[in-house]
file model-v7.cif (mmCIF, C-alpha atoms)
data_structure
loop_
_atom_site.label_atom_id
_atom_site.label_comp_id
_atom_site.auth_asym_id
_atom_site.auth_seq_id
_atom_site.Cartn_x
_atom_site.Cartn_y
_atom_site.Cartn_z
CA MET A 9 25.32 -35.88 8.06
CA LEU A 10 27.80 -38.65 7.26
CA ARG A 11 29.09 -41.01 9.91
CA VAL A 12 32.45 -42.62 9.11
CA LEU A 13 34.25 -45.38 11.01
CA GLY A 14 38.03 -45.19 10.63
CA VAL A 15 40.11 -48.34 11.14
CA ASP A 16 43.85 -48.28 11.85
CA PRO A 17 44.43 -52.00 11.33
CA GLY A 18 46.62 -54.16 13.55
CA LEU A 19 46.54 -57.47 15.38
CA THR A 20 47.99 -56.28 18.69
CA ARG A 21 45.99 -53.04 18.63
CA CYS A 22 43.37 -52.24 16.00
CA GLY A 23 42.38 -48.58 16.33
CA LEU A 24 38.72 -47.68 15.77
CA GLY A 25 37.29 -44.18 15.63
CA ALA A 26 33.91 -42.90 14.43
CA VAL A 27 33.30 -39.29 13.42
CA GLU A 28 30.17 -37.55 12.20
CA GLY A 29 29.95 -34.41 10.15
CA ARG A 30 29.23 -32.68 6.91
CA PRO A 31 31.19 -30.09 4.96
CA GLY A 32 31.17 -26.63 6.51
CA THR A 33 30.03 -27.71 9.97
CA PRO A 34 32.16 -28.79 12.95
CA LEU A 35 32.94 -32.50 13.18
CA SER A 36 31.85 -34.52 16.17
CA LEU A 37 33.31 -37.56 17.88
CA VAL A 38 30.98 -40.58 17.98
CA ALA A 39 33.25 -43.18 19.59
CA VAL A 40 36.92 -44.11 19.81
CA GLY A 41 38.83 -47.12 21.11
CA VAL A 42 40.93 -50.15 20.24
CA VAL A 43 40.42 -53.87 19.77
CA ARG A 44 43.36 -55.79 21.21
CA THR A 45 44.38 -59.42 20.70
CA PRO A 46 47.02 -61.29 22.72
CA ALA A 47 50.35 -61.64 20.90
CA ASP A 48 50.72 -65.26 22.07
CA ASP A 49 47.39 -66.39 20.60
CA ASP A 50 47.60 -68.14 17.24
CA ILE A 51 46.78 -66.15 14.10
CA GLY A 52 43.39 -67.82 13.67
CA ALA A 53 42.20 -66.87 17.17
CA ARG A 54 43.51 -63.32 16.68
CA LEU A 55 41.70 -62.80 13.36
CA VAL A 56 38.46 -64.15 14.87
CA ALA A 57 38.85 -61.74 17.82
CA VAL A 58 39.45 -58.81 15.45
CA GLU A 59 36.35 -59.82 13.46
CA THR A 60 34.21 -60.06 16.62
CA GLY A 61 35.46 -56.67 17.81
CA ILE A 62 34.87 -54.91 14.49
CA GLU A 63 31.40 -56.48 14.14
CA ARG A 64 30.50 -55.11 17.57
CA TRP A 65 31.73 -51.64 16.56
CA LEU A 66 29.72 -51.74 13.32
CA ASP A 67 26.61 -52.79 15.28
CA ASP A 68 27.07 -50.00 17.83
CA VAL A 69 28.26 -47.16 15.59
CA ARG A 70 26.17 -47.92 12.46
CA PRO A 71 28.50 -45.97 10.13
CA ASP A 72 27.57 -44.87 6.59
CA ALA A 73 31.09 -45.66 5.35
CA VAL A 74 34.30 -47.30 6.58
CA ALA A 75 37.80 -45.92 5.95
CA VAL A 76 40.73 -48.31 6.37
CA GLU A 77 44.43 -47.45 6.23
CA ARG A 78 46.01 -48.76 3.04
CA VAL A 79 48.86 -51.12 3.92
CA PHE A 80 52.01 -51.28 1.80
CA ALA A 81 54.37 -54.21 1.54
CA GLN A 82 57.39 -51.88 1.66
CA HIS A 83 56.71 -50.87 5.27
CA ASN A 84 57.97 -52.61 8.41
CA VAL A 85 58.32 -56.19 7.17
CA ARG A 86 58.08 -57.66 10.66
CA THR A 87 54.53 -56.44 11.32
CA VAL A 88 53.15 -55.72 7.85
CA MET A 89 51.60 -59.16 7.37
CA GLY A 90 49.55 -58.90 10.57
CA THR A 91 48.51 -55.37 9.62
CA ALA A 92 47.44 -56.49 6.14
CA GLN A 93 45.46 -59.39 7.60
CA ALA A 94 43.69 -57.22 10.19
CA ALA A 95 42.88 -54.75 7.37
CA ALA A 96 41.43 -57.63 5.32
CA VAL A 97 39.10 -58.53 8.19
CA ALA A 98 37.94 -54.90 8.55
CA ILE A 99 37.31 -54.58 4.79
CA LEU A 100 35.48 -57.93 4.77
CA CYS A 101 33.21 -57.01 7.72
CA ALA A 102 32.24 -53.69 6.11
CA ALA A 103 31.76 -55.09 2.59
CA ARG A 104 29.61 -57.96 3.91
CA ARG A 105 27.19 -55.32 5.21
CA GLY A 106 27.20 -53.48 1.90
CA LEU A 107 29.00 -50.48 3.43
CA PRO A 108 31.26 -48.45 1.13
CA VAL A 109 34.91 -49.07 2.03
CA ALA A 110 37.67 -46.59 1.21
CA LEU A 111 41.41 -47.08 1.62
CA HIS A 112 43.59 -44.06 2.40
CA THR A 113 47.37 -44.05 2.62
CA PRO A 114 49.08 -42.71 5.76
CA SER A 115 50.38 -39.71 3.79
CA GLU A 116 46.92 -38.90 2.43
CA VAL A 117 45.60 -38.92 6.00
CA LYS A 118 48.45 -36.74 7.32
CA ALA A 119 48.04 -34.27 4.45
CA ALA A 120 44.26 -34.06 4.98
CA ILE A 121 44.56 -33.47 8.73
CA THR A 122 47.72 -31.38 9.07
CA GLY A 123 48.43 -30.03 5.58
CA SER A 124 51.65 -32.07 5.43
CA GLY A 125 52.00 -35.64 4.17
CA THR A 126 55.07 -36.11 6.35
CA ALA A 127 53.61 -34.88 9.68
CA ASP A 128 54.51 -36.97 12.74
CA LYS A 129 52.09 -38.90 14.94
CA LYS A 130 52.00 -36.17 17.60
CA GLN A 131 51.00 -33.50 15.08
CA VAL A 132 48.22 -35.74 13.73
CA GLY A 133 47.04 -36.40 17.29
CA LEU A 134 47.01 -32.67 18.12
CA MET A 135 44.97 -31.82 15.03
CA VAL A 136 42.49 -34.64 15.72
CA THR A 137 42.08 -33.28 19.26
CA ARG A 138 41.52 -29.76 17.97
CA LEU A 139 39.17 -30.69 15.10
CA LEU A 140 36.95 -32.78 17.37
CA ARG A 141 37.21 -30.25 20.25
CA LEU A 142 38.40 -32.88 22.72
CA ASP A 143 39.88 -32.16 26.16
CA ALA A 144 42.82 -34.52 25.62
CA MET A 145 44.53 -36.39 22.81
CA PRO A 146 42.90 -39.80 22.22
CA LYS A 147 45.15 -42.66 23.31
CA PRO A 148 46.72 -44.95 22.26
CA ALA A 149 48.06 -43.48 18.99
CA ASP A 150 46.17 -46.17 17.02
CA ALA A 151 42.88 -44.72 18.30
CA ALA A 152 43.88 -41.18 17.25
CA ASP A 153 45.00 -42.51 13.85
CA ALA A 154 41.62 -44.17 13.35
CA LEU A 155 39.88 -40.82 13.99
CA ALA A 156 42.28 -39.12 11.56
CA LEU A 157 41.32 -41.70 8.90
CA ALA A 158 37.62 -41.02 9.47
CA ILE A 159 38.14 -37.23 9.23
CA CYS A 160 40.29 -37.63 6.11
CA HIS A 161 37.53 -39.70 4.52
CA LEU A 162 34.81 -37.16 5.38
CA TRP A 163 36.87 -34.33 3.89
CA ARG A 164 38.20 -36.11 0.83
CA GLY A 165 34.72 -37.39 0.05
CA ALA A 166 33.30 -33.89 0.42
CA ALA A 167 36.03 -32.43 -1.81
CA GLN A 168 35.44 -35.12 -4.45
CA ASN A 169 31.68 -34.46 -4.33
CA ARG A 170 32.22 -30.70 -4.74
CA LEU A 171 34.50 -31.39 -7.70
CA ALA A 172 31.92 -33.74 -9.24
CA ASP A 173 29.19 -31.12 -8.68
CA ALA A 174 31.32 -28.39 -10.26
CA LEU A 175 32.06 -30.62 -13.27
CA ALA A 176 28.37 -31.48 -13.61
CA ARG A 177 27.46 -27.78 -13.47
CA ALA A 178 30.16 -26.93 -16.03
CA LYS A 179 28.86 -29.65 -18.36
CA GLY A 180 25.31 -28.45 -17.95
CA LYS A 181 26.25 -24.94 -19.15
CA PRO A 182 25.25 -23.96 -22.68
CA MET B 17 41.95 -91.00 8.48
CA LEU B 18 42.66 -87.27 8.40
CA ARG B 19 41.10 -84.99 5.81
CA VAL B 20 43.07 -81.79 5.13
CA LEU B 21 42.02 -78.80 3.01
CA GLY B 22 45.01 -76.98 1.52
CA VAL B 23 44.62 -73.32 0.53
CA ASP B 24 47.00 -71.55 -1.88
CA PRO B 25 45.75 -68.02 -1.18
CA GLY B 26 45.15 -65.40 -3.84
CA LEU B 27 42.52 -62.89 -4.93
CA THR B 28 42.59 -63.63 -8.66
CA ARG B 29 42.85 -67.39 -8.11
CA CYS B 30 42.64 -69.04 -4.69
CA GLY B 31 43.65 -72.69 -5.02
CA LEU B 32 41.78 -75.26 -2.91
CA GLY B 33 42.60 -78.94 -2.60
CA ALA B 34 41.43 -81.57 -0.14
CA VAL B 35 43.33 -84.79 0.52
CA GLU B 36 42.57 -87.69 2.82
CA GLY B 37 45.01 -90.15 4.27
CA ARG B 38 46.94 -91.54 7.16
CA PRO B 39 50.61 -92.43 7.53
CA GLY B 40 51.63 -95.61 5.71
CA THR B 41 48.61 -95.76 3.41
CA PRO B 42 48.14 -94.20 -0.02
CA LEU B 43 46.67 -90.69 -0.08
CA SER B 44 43.43 -89.98 -1.86
CA LEU B 45 42.09 -86.89 -3.59
CA VAL B 46 38.82 -85.54 -2.16
CA ALA B 47 38.35 -82.40 -4.27
CA VAL B 48 40.38 -79.77 -6.08
CA GLY B 49 39.59 -76.42 -7.67
CA VAL B 50 39.96 -72.66 -7.49
CA VAL B 51 37.91 -69.71 -6.32
CA ARG B 52 38.34 -66.78 -8.71
CA THR B 53 37.44 -63.12 -8.22
CA PRO B 54 37.39 -60.46 -10.98
CA ALA B 55 40.46 -58.21 -10.93
CA ASP B 56 38.32 -55.12 -11.59
CA ASP B 57 36.05 -55.65 -8.58
CA ASP B 58 36.92 -53.58 -5.51
CA ILE B 59 38.84 -55.23 -2.69
CA GLY B 60 35.77 -55.51 -0.45
CA ALA B 61 33.74 -57.41 -3.05
CA ARG B 62 36.72 -59.68 -3.77
CA LEU B 63 37.28 -60.57 -0.11
CA VAL B 64 33.56 -61.30 0.34
CA ALA B 65 33.66 -63.55 -2.76
CA VAL B 66 36.73 -65.40 -1.40
CA GLU B 67 34.95 -65.86 1.94
CA THR B 68 31.78 -67.19 0.25
CA GLY B 69 33.85 -69.60 -1.86
CA ILE B 70 35.90 -70.93 1.05
CA GLU B 71 32.81 -71.32 3.24
CA ARG B 72 31.22 -73.43 0.49
CA TRP B 73 34.37 -75.60 0.29
CA LEU B 74 34.43 -76.07 4.07
CA ASP B 75 30.73 -77.06 4.01
CA ASP B 76 31.27 -79.55 1.17
CA VAL B 77 34.65 -81.03 2.15
CA ARG B 78 34.26 -81.01 5.97
CA PRO B 79 38.03 -81.14 6.62
CA ASP B 80 39.64 -82.03 9.97
CA ALA B 81 42.32 -79.37 9.47
CA VAL B 82 43.19 -76.53 7.11
CA ALA B 83 46.70 -75.81 5.78
CA VAL B 84 47.36 -72.33 4.35
CA GLU B 85 50.51 -71.15 2.59
CA ARG B 86 52.49 -68.79 4.81
CA VAL B 87 52.89 -65.45 3.01
CA PHE B 88 56.06 -63.40 3.36
CA ALA B 89 56.36 -59.67 2.84
CA GLN B 90 59.66 -60.14 0.98
CA HIS B 91 57.95 -61.87 -1.96
CA ASN B 92 56.49 -60.19 -5.04
CA VAL B 93 55.51 -56.80 -3.61
CA ARG B 94 52.91 -56.15 -6.31
CA THR B 95 50.69 -59.10 -5.37
CA VAL B 96 51.72 -59.93 -1.79
CA MET B 97 49.07 -57.74 -0.16
CA GLY B 98 46.21 -59.45 -1.99
CA THR B 99 47.73 -62.84 -1.17
CA ALA B 100 48.05 -61.95 2.53
CA GLN B 101 44.46 -60.71 2.61
CA ALA B 102 43.08 -63.83 0.90
CA ALA B 103 45.11 -65.93 3.39
CA ALA B 104 43.57 -63.93 6.26
CA VAL B 105 40.08 -64.78 5.01
CA ALA B 106 40.94 -68.50 4.74
CA ILE B 107 42.44 -68.56 8.25
CA LEU B 108 39.44 -66.65 9.62
CA CYS B 109 36.89 -69.02 8.01
CA ALA B 110 38.66 -72.10 9.40
CA ALA B 111 39.28 -70.67 12.89
CA ARG B 112 35.64 -69.52 13.17
CA ARG B 113 34.64 -73.19 12.82
CA GLY B 114 37.17 -74.26 15.43
CA LEU B 115 39.27 -76.10 12.83
CA PRO B 116 43.02 -76.33 13.44
CA VAL B 117 44.90 -74.06 11.01
CA ALA B 118 48.54 -74.63 10.06
CA LEU B 119 50.75 -72.36 7.98
CA HIS B 120 53.47 -73.91 5.83
CA THR B 121 56.07 -72.01 3.83
CA PRO B 122 56.49 -72.73 0.11
CA SER B 123 59.89 -74.32 0.75
CA GLU B 124 58.48 -76.58 3.48
CA VAL B 125 55.84 -77.75 1.02
CA LYS B 126 58.35 -78.33 -1.79
CA ALA B 127 60.69 -80.21 0.52
CA ALA B 128 57.86 -82.39 1.86
CA ILE B 129 56.58 -83.29 -1.61
CA THR B 130 59.76 -83.50 -3.72
CA GLY B 131 62.61 -83.76 -1.23
CA SER B 132 63.94 -80.35 -2.34
CA GLY B 133 62.94 -76.98 -0.92
CA THR B 134 63.87 -75.33 -4.21
CA ALA B 135 61.87 -77.59 -6.56
CA ASP B 136 59.98 -75.82 -9.36
CA LYS B 137 56.22 -75.74 -9.83
CA LYS B 138 56.27 -78.48 -12.49
CA GLN B 139 58.14 -80.88 -10.20
CA VAL B 140 55.65 -80.22 -7.39
CA GLY B 141 52.76 -80.77 -9.82
CA LEU B 142 54.27 -84.06 -11.06
CA MET B 143 54.73 -85.38 -7.51
CA VAL B 144 51.18 -84.37 -6.53
CA THR B 145 49.89 -86.22 -9.61
CA ARG B 146 51.92 -89.31 -8.72
CA LEU B 147 51.13 -89.31 -4.98
CA LEU B 148 47.39 -89.01 -5.59
CA ARG B 149 47.52 -91.45 -8.56
CA LEU B 150 45.83 -88.97 -10.90
CA ASP B 151 45.62 -89.30 -14.68
CA ALA B 152 46.73 -85.73 -15.30
CA MET B 153 48.35 -82.85 -13.42
CA PRO B 154 45.73 -80.72 -11.63
CA LYS B 155 45.35 -77.29 -13.26
CA PRO B 156 45.79 -74.39 -12.75
CA ALA B 157 49.06 -74.48 -10.76
CA ASP B 158 47.27 -72.90 -7.77
CA ALA B 159 45.05 -75.99 -7.51
CA ALA B 160 48.08 -78.33 -7.59
CA ASP B 161 49.82 -76.14 -4.99
CA ALA B 162 46.79 -76.39 -2.70
CA LEU B 163 46.95 -80.20 -2.91
CA ALA B 164 50.69 -80.07 -2.19
CA LEU B 165 49.96 -78.01 0.94
CA ALA B 166 47.40 -80.54 2.12
CA ILE B 167 49.83 -83.46 1.54
CA CYS B 168 52.64 -81.56 3.27
CA HIS B 169 50.39 -81.01 6.27
CA LEU B 170 49.34 -84.67 6.46
CA TRP B 171 52.97 -85.82 6.35
CA ARG B 172 54.49 -83.19 8.61
CA GLY B 173 51.72 -83.76 11.16
CA ALA B 174 52.37 -87.50 11.02
CA ALA B 175 56.13 -86.99 11.38
CA GLN B 176 55.62 -84.66 14.31
CA ASN B 177 53.28 -87.15 15.98
CA ARG B 178 55.82 -89.98 15.49
CA LEU B 179 58.52 -87.76 17.00
CA ALA B 180 56.27 -86.88 19.94
CA ASP B 181 55.47 -90.59 20.44
CA ALA B 182 59.16 -91.52 20.32
CA LEU B 183 60.00 -88.80 22.85
CA ALA B 184 57.16 -89.94 25.10
CA ARG B 185 58.40 -93.54 24.87
CA ALA B 186 61.98 -92.46 25.61
CA LYS B 187 60.82 -90.46 28.64
CA GLY B 188 58.75 -93.41 29.87
CA LYS B 189 61.84 -95.67 29.89
CA PRO B 190 63.43 -96.41 33.25
#

call {"tool": "encode", "arguments": {"input": "model-v7.cif", "output": "structure tokens"}}
result
Amino acid sequence: MLRVLGVDPGLTRCGLGAVEGRPGTPLSLVAVGVVRTPADDDIGARLVAVETGIERWLDDVRPDAVAVERVFAQHNVRTVMGTAQAAAVAILCAARRGLPVALHTPSEVKAAITGSGTADKKQVGLMVTRLLRLDAMPKPADAADALALAICHLWRGAAQNRLADALARAKGKP
Amino acid sequence: MLRVLGVDPGLTRCGLGAVEGRPGTPLSLVAVGVVRTPADDDIGARLVAVETGIERWLDDVRPDAVAVERVFAQHNVRTVMGTAQAAAVAILCAARRGLPVALHTPSEVKAAITGSGTADKKQVGLMVTRLLRLDAMPKPADAADALALAICHLWRGAAQNRLADALARAKGKP
């Protein structure tokens, strides 16, 4: 069993979602929520609050790996700096504990969860709800996105391991 | 006397420079250098190394305030994410200690040091060398830029305080 904490980074709302599973068995929800920081606080106070929140999640959830959304400079210029800085705090908190950190792009996550790299937020939310057998879609969207990141990481990791195993077997053949 | 640590954020080279002074007296250099992280390390290891380096500087220099270059998404897209993430770590380290953190744009720094917001790196380096009465220009450029940030912060803070005092005096008048 692998337990993955997904982080949809942000200063106003940082989505956090932990999922447990292994290839070929149903996934299960461990925890989901958001860390919020007030928009009128200064950047220093906000980053400290994000750090405190993520540390608490890591203490509670004890994940085996952390998956963080990869932030691109091309995206919404108005918010991208805050997103990149919240992502930095998440990566720092995980790496400080020696946890493996993976970055996945939004289109990698969408493709893993829905089969389409251009799926919309609602479609991702519906698939997360279905895959984790939840009664309702996790809200806000940042929380659902964090779960999608965790699922994407579980599946991509599993696929990469199967590929590595297959290559190792092929190499081992006479 | 105010002691300011300037941080020119970056993952490959993070410039650090501490300056001490007060308005109307010559400035003095406290320390200058860079924290480097290997480009082939993963982002988690690099952010942890930046944090460790900045923590050591804060322990050694014991500044009253920290000035960090404000990063814009419009700049060099290839490196801006790493710069924003290194800046986040610097802001986080300072705010965690309760130190005031100020962000200054590159043009604010250039204007404060040289009188022109569009001055080049060499001109900034020359003025830093002159203002701190150094024998040679601090190298690499990131180290000189960190000192320029610290000087900018000392002077802008002083100017803002003088303005606030003048306004307070004007208000106090009958």

call {"tool": "residues_around", "arguments": {"input": "model-v7.cif", "residues": "stretch 45-59 of chain B", "least_positions_apart": "2", "cutoff": "6 Å", "atoms": "all atoms listed in the file", "output": "list in words"}}
result
Thr28, Arg29, Cys30, Gly31, Leu32, Gly33, Ala34, Val35, Ala61, Arg62 and Ala159 of chain B

call {"tool": "resolve_selection", "arguments": {"input": "model-v7.cif", "expression": "the PyMOL selection byres ((chain B) within 12 of (chain A))", "output": "ChimeraX atom specification"}}
result
/B:27,57-68,82-84,86-119

call {"tool": "residues_around", "arguments": {"input": "model-v7.cif", "residues": "A:His112", "least_positions_apart": "2", "cutoff": "12 Å", "atoms": "all atoms listed in the file", "output": "MDAnalysis selection string"}}
result
chainID A and resid 14:17 74:80 95 109:110 114:120 153:154 156:165

call {"tool": "write_last_selection", "arguments": {"input": "model-v7.cif", "atoms": "C-alpha atoms", "output": "short mmCIF file (atom, residue, chain, number, x, y, z; two decimals), in the frame of the given file"}}
result
data_model
loop_
_atom_site.label_atom_id
_atom_site.label_comp_id
_atom_site.auth_asym_id
_atom_site.auth_seq_id
_atom_site.Cartn_x
_atom_site.Cartn_y
_atom_site.Cartn_z
CA GLY A 14 38.03 -45.19 10.63
CA VAL A 15 40.11 -48.34 11.14
CA ASP A 16 43.85 -48.28 11.85
CA PRO A 17 44.43 -52.00 11.33
CA VAL A 74 34.30 -47.30 6.58
CA ALA A 75 37.80 -45.92 5.95
CA VAL A 76 40.73 -48.31 6.37
CA GLU A 77 44.43 -47.45 6.23
CA ARG A 78 46.01 -48.76 3.04
CA VAL A 79 48.86 -51.12 3.92
CA PHE A 80 52.01 -51.28 1.80
CA ALA A 95 42.88 -54.75 7.37
CA VAL A 109 34.91 -49.07 2.03
CA ALA A 110 37.67 -46.59 1.21
CA PRO A 114 49.08 -42.71 5.76
CA SER A 115 50.38 -39.71 3.79
CA GLU A 116 46.92 -38.90 2.43
CA VAL A 117 45.60 -38.92 6.00
CA LYS A 118 48.45 -36.74 7.32
CA ALA A 119 48.04 -34.27 4.45
CA ALA A 120 44.26 -34.06 4.98
CA ASP A 153 45.00 -42.51 13.85
CA ALA A 154 41.62 -44.17 13.35
CA ALA A 156 42.28 -39.12 11.56
CA LEU A 157 41.32 -41.70 8.90
CA ALA A 158 37.62 -41.02 9.47
CA ILE A 159 38.14 -37.23 9.23
CA CYS A 160 40.29 -37.63 6.11
CA HIS A 161 37.53 -39.70 4.52
CA LEU A 162 34.81 -37.16 5.38
CA TRP A 163 36.87 -34.33 3.89
CA ARG A 164 38.20 -36.11 0.83
CA GLY A 165 34.72 -37.39 0.05
#

call {"tool": "resolve_selection", "arguments": {"input": "model-v7.cif", "expression": "the PyMOL selection byres ((chain A and resi 9) around 7)", "output": "ChimeraX atom specification"}}
result
/A:10-11,28-30

call {"tool": "resolve_selection", "arguments": {"input": "model-v7.cif", "expression": "the PyMOL selection byres ((chain A and resi 130-144) around 8)", "output": "MDAnalysis selection string"}}
result
chainID A and resid 34:37 118 121:122 127:129 145:146 149 152:153 155:156

call {"tool": "write_last_selection", "arguments": {"input": "model-v7.cif", "atoms": "C-alpha atoms", "output": "PDB file, keeping the file's coordinate frame"}}
result
ATOM      1  CA  PRO A  34      32.160 -28.790  12.950  1.00  0.00           C
ATOM      2  CA  LEU A  35      32.940 -32.500  13.180  1.00  0.00           C
ATOM      3  CA  SER A  36      31.850 -34.520  16.170  1.00  0.00           C
ATOM      4  CA  LEU A  37      33.310 -37.560  17.880  1.00  0.00           C
ATOM      5  CA  LYS A 118      48.450 -36.740   7.320  1.00  0.00           C
ATOM      6  CA  ILE A 121      44.560 -33.470   8.730  1.00  0.00           C
ATOM      7  CA  THR A 122      47.720 -31.380   9.070  1.00  0.00           C
ATOM      8  CA  ALA A 127      53.610 -34.880   9.680  1.00  0.00           C
ATOM      9  CA  ASP A 128      54.510 -36.970  12.740  1.00  0.00           C
ATOM     10  CA  LYS A 129      52.090 -38.900  14.940  1.00  0.00           C
ATOM     11  CA  MET A 145      44.530 -36.390  22.810  1.00  0.00           C
ATOM     12  CA  PRO A 146      42.900 -39.800  22.220  1.00  0.00           C
ATOM     13  CA  ALA A 149      48.060 -43.480  18.990  1.00  0.00           C
ATOM     14  CA  ALA A 152      43.880 -41.180  17.250  1.00  0.00           C
ATOM     15  CA  ASP A 153      45.000 -42.510  13.850  1.00  0.00           C
ATOM     16  CA  LEU A 155      39.880 -40.820  13.990  1.00  0.00           C
ATOM     17  CA  ALA A 156      42.280 -39.120  11.560  1.00  0.00           C
TER      18      ALA A 156
END

call {"tool": "atom_distance", "arguments": {"input": "model-v7.cif", "atom1": "atom CA of A:Thr113", "atom2": "atom CA of A:Gly125"}}
result
9.7 Å

call {"tool": "closest_residue", "arguments": {"input": "model-v7.cif", "among": "A:Ala178, A:Thr33, A:Val12, A:Gly123", "to": "A:Leu66", "atoms": "only C-alpha atoms"}}
result
A:Val12

call {"tool": "atom_distance", "arguments": {"input": "model-v7.cif", "atom1": "atom CA of B:Gly40", "atom2": "atom CA of B:Thr134"}}
result
25.7 Å

call {"tool": "atom_distance", "arguments": {"input": "model-v7.cif", "atom1": "atom CA of A:Gly18", "atom2": "atom CA of A:Ile62"}}
result
11.8 Å

call {"tool": "build_atoms", "arguments": {"input": "model-v7.cif", "residues": "stretch 148-163 of chain A", "atoms": "N, CA and C atoms", "output": "PDB file, keeping the file's coordinate frame"}}
result
ATOM      1  N   PRO A 148      45.367 -45.065  22.809  1.00  0.00           N
ATOM      2  CA  PRO A 148      46.720 -44.950  22.260  1.00  0.00           C
ATOM      3  C   PRO A 148      46.722 -44.286  20.874  1.00  0.00           C
ATOM      4  N   ALA A 149      47.911 -44.147  20.287  1.00  0.00           N
ATOM      5  CA  ALA A 149      48.060 -43.480  18.990  1.00  0.00           C
ATOM      6  C   ALA A 149      47.196 -44.136  17.914  1.00  0.00           C
ATOM      7  N   ASP A 150      46.992 -45.460  18.010  1.00  0.00           N
ATOM      8  CA  ASP A 150      46.170 -46.170  17.020  1.00  0.00           C
ATOM      9  C   ASP A 150      44.740 -45.638  17.022  1.00  0.00           C
ATOM     10  N   ALA A 151      44.237 -45.249  18.197  1.00  0.00           N
ATOM     11  CA  ALA A 151      42.880 -44.720  18.300  1.00  0.00           C
ATOM     12  C   ALA A 151      42.815 -43.343  17.625  1.00  0.00           C
ATOM     13  N   ALA A 152      43.822 -42.502  17.879  1.00  0.00           N
ATOM     14  CA  ALA A 152      43.880 -41.180  17.250  1.00  0.00           C
ATOM     15  C   ALA A 152      44.013 -41.317  15.731  1.00  0.00           C
ATOM     16  N   ASP A 153      44.815 -42.282  15.290  1.00  0.00           N
ATOM     17  CA  ASP A 153      45.000 -42.510  13.850  1.00  0.00           C
ATOM     18  C   ASP A 153      43.698 -42.944  13.186  1.00  0.00           C
ATOM     19  N   ALA A 154      42.900 -43.724  13.899  1.00  0.00           N
ATOM     20  CA  ALA A 154      41.620 -44.170  13.350  1.00  0.00           C
ATOM     21  C   ALA A 154      40.681 -42.973  13.160  1.00  0.00           C
ATOM     22  N   LEU A 155      40.689 -42.047  14.120  1.00  0.00           N
ATOM     23  CA  LEU A 155      39.880 -40.820  13.990  1.00  0.00           C
ATOM     24  C   LEU A 155      40.378 -39.983  12.816  1.00  0.00           C
ATOM     25  N   ALA A 156      41.703 -39.886  12.672  1.00  0.00           N
ATOM     26  CA  ALA A 156      42.280 -39.120  11.560  1.00  0.00           C
ATOM     27  C   ALA A 156      41.829 -39.702  10.218  1.00  0.00           C
ATOM     28  N   LEU A 157      41.793 -41.035  10.128  1.00  0.00           N
ATOM     29  CA  LEU A 157      41.320 -41.700   8.900  1.00  0.00           C
ATOM     30  C   LEU A 157      39.870 -41.330   8.612  1.00  0.00           C
ATOM     31  N   ALA A 158      39.043 -41.337   9.655  1.00  0.00           N
ATOM     32  CA  ALA A 158      37.620 -41.020   9.470  1.00  0.00           C
ATOM     33  C   ALA A 158      37.459 -39.569   9.007  1.00  0.00           C
ATOM     34  N   ILE A 159      38.221 -38.652   9.612  1.00  0.00           N
ATOM     35  CA  ILE A 159      38.140 -37.230   9.230  1.00  0.00           C
ATOM     36  C   ILE A 159      38.618 -37.048   7.788  1.00  0.00           C
ATOM     37  N   CYS A 160      39.745 -37.680   7.472  1.00  0.00           N
ATOM     38  CA  CYS A 160      40.290 -37.630   6.110  1.00  0.00           C
ATOM     39  C   CYS A 160      39.234 -38.081   5.116  1.00  0.00           C
ATOM     40  N   HIS A 161      38.534 -39.159   5.444  1.00  0.00           N
ATOM     41  CA  HIS A 161      37.530 -39.700   4.520  1.00  0.00           C
ATOM     42  C   HIS A 161      36.365 -38.727   4.345  1.00  0.00           C
ATOM     43  N   LEU A 162      35.909 -38.141   5.449  1.00  0.00           N
ATOM     44  CA  LEU A 162      34.810 -37.160   5.380  1.00  0.00           C
ATOM     45  C   LEU A 162      35.210 -35.998   4.466  1.00  0.00           C
ATOM     46  N   TRP A 163      36.427 -35.502   4.650  1.00  0.00           N
ATOM     47  CA  TRP A 163      36.870 -34.330   3.890  1.00  0.00           C
ATOM     48  C   TRP A 163      37.192 -34.629   2.450  1.00  0.00           C
TER      49      TRP A 163
END
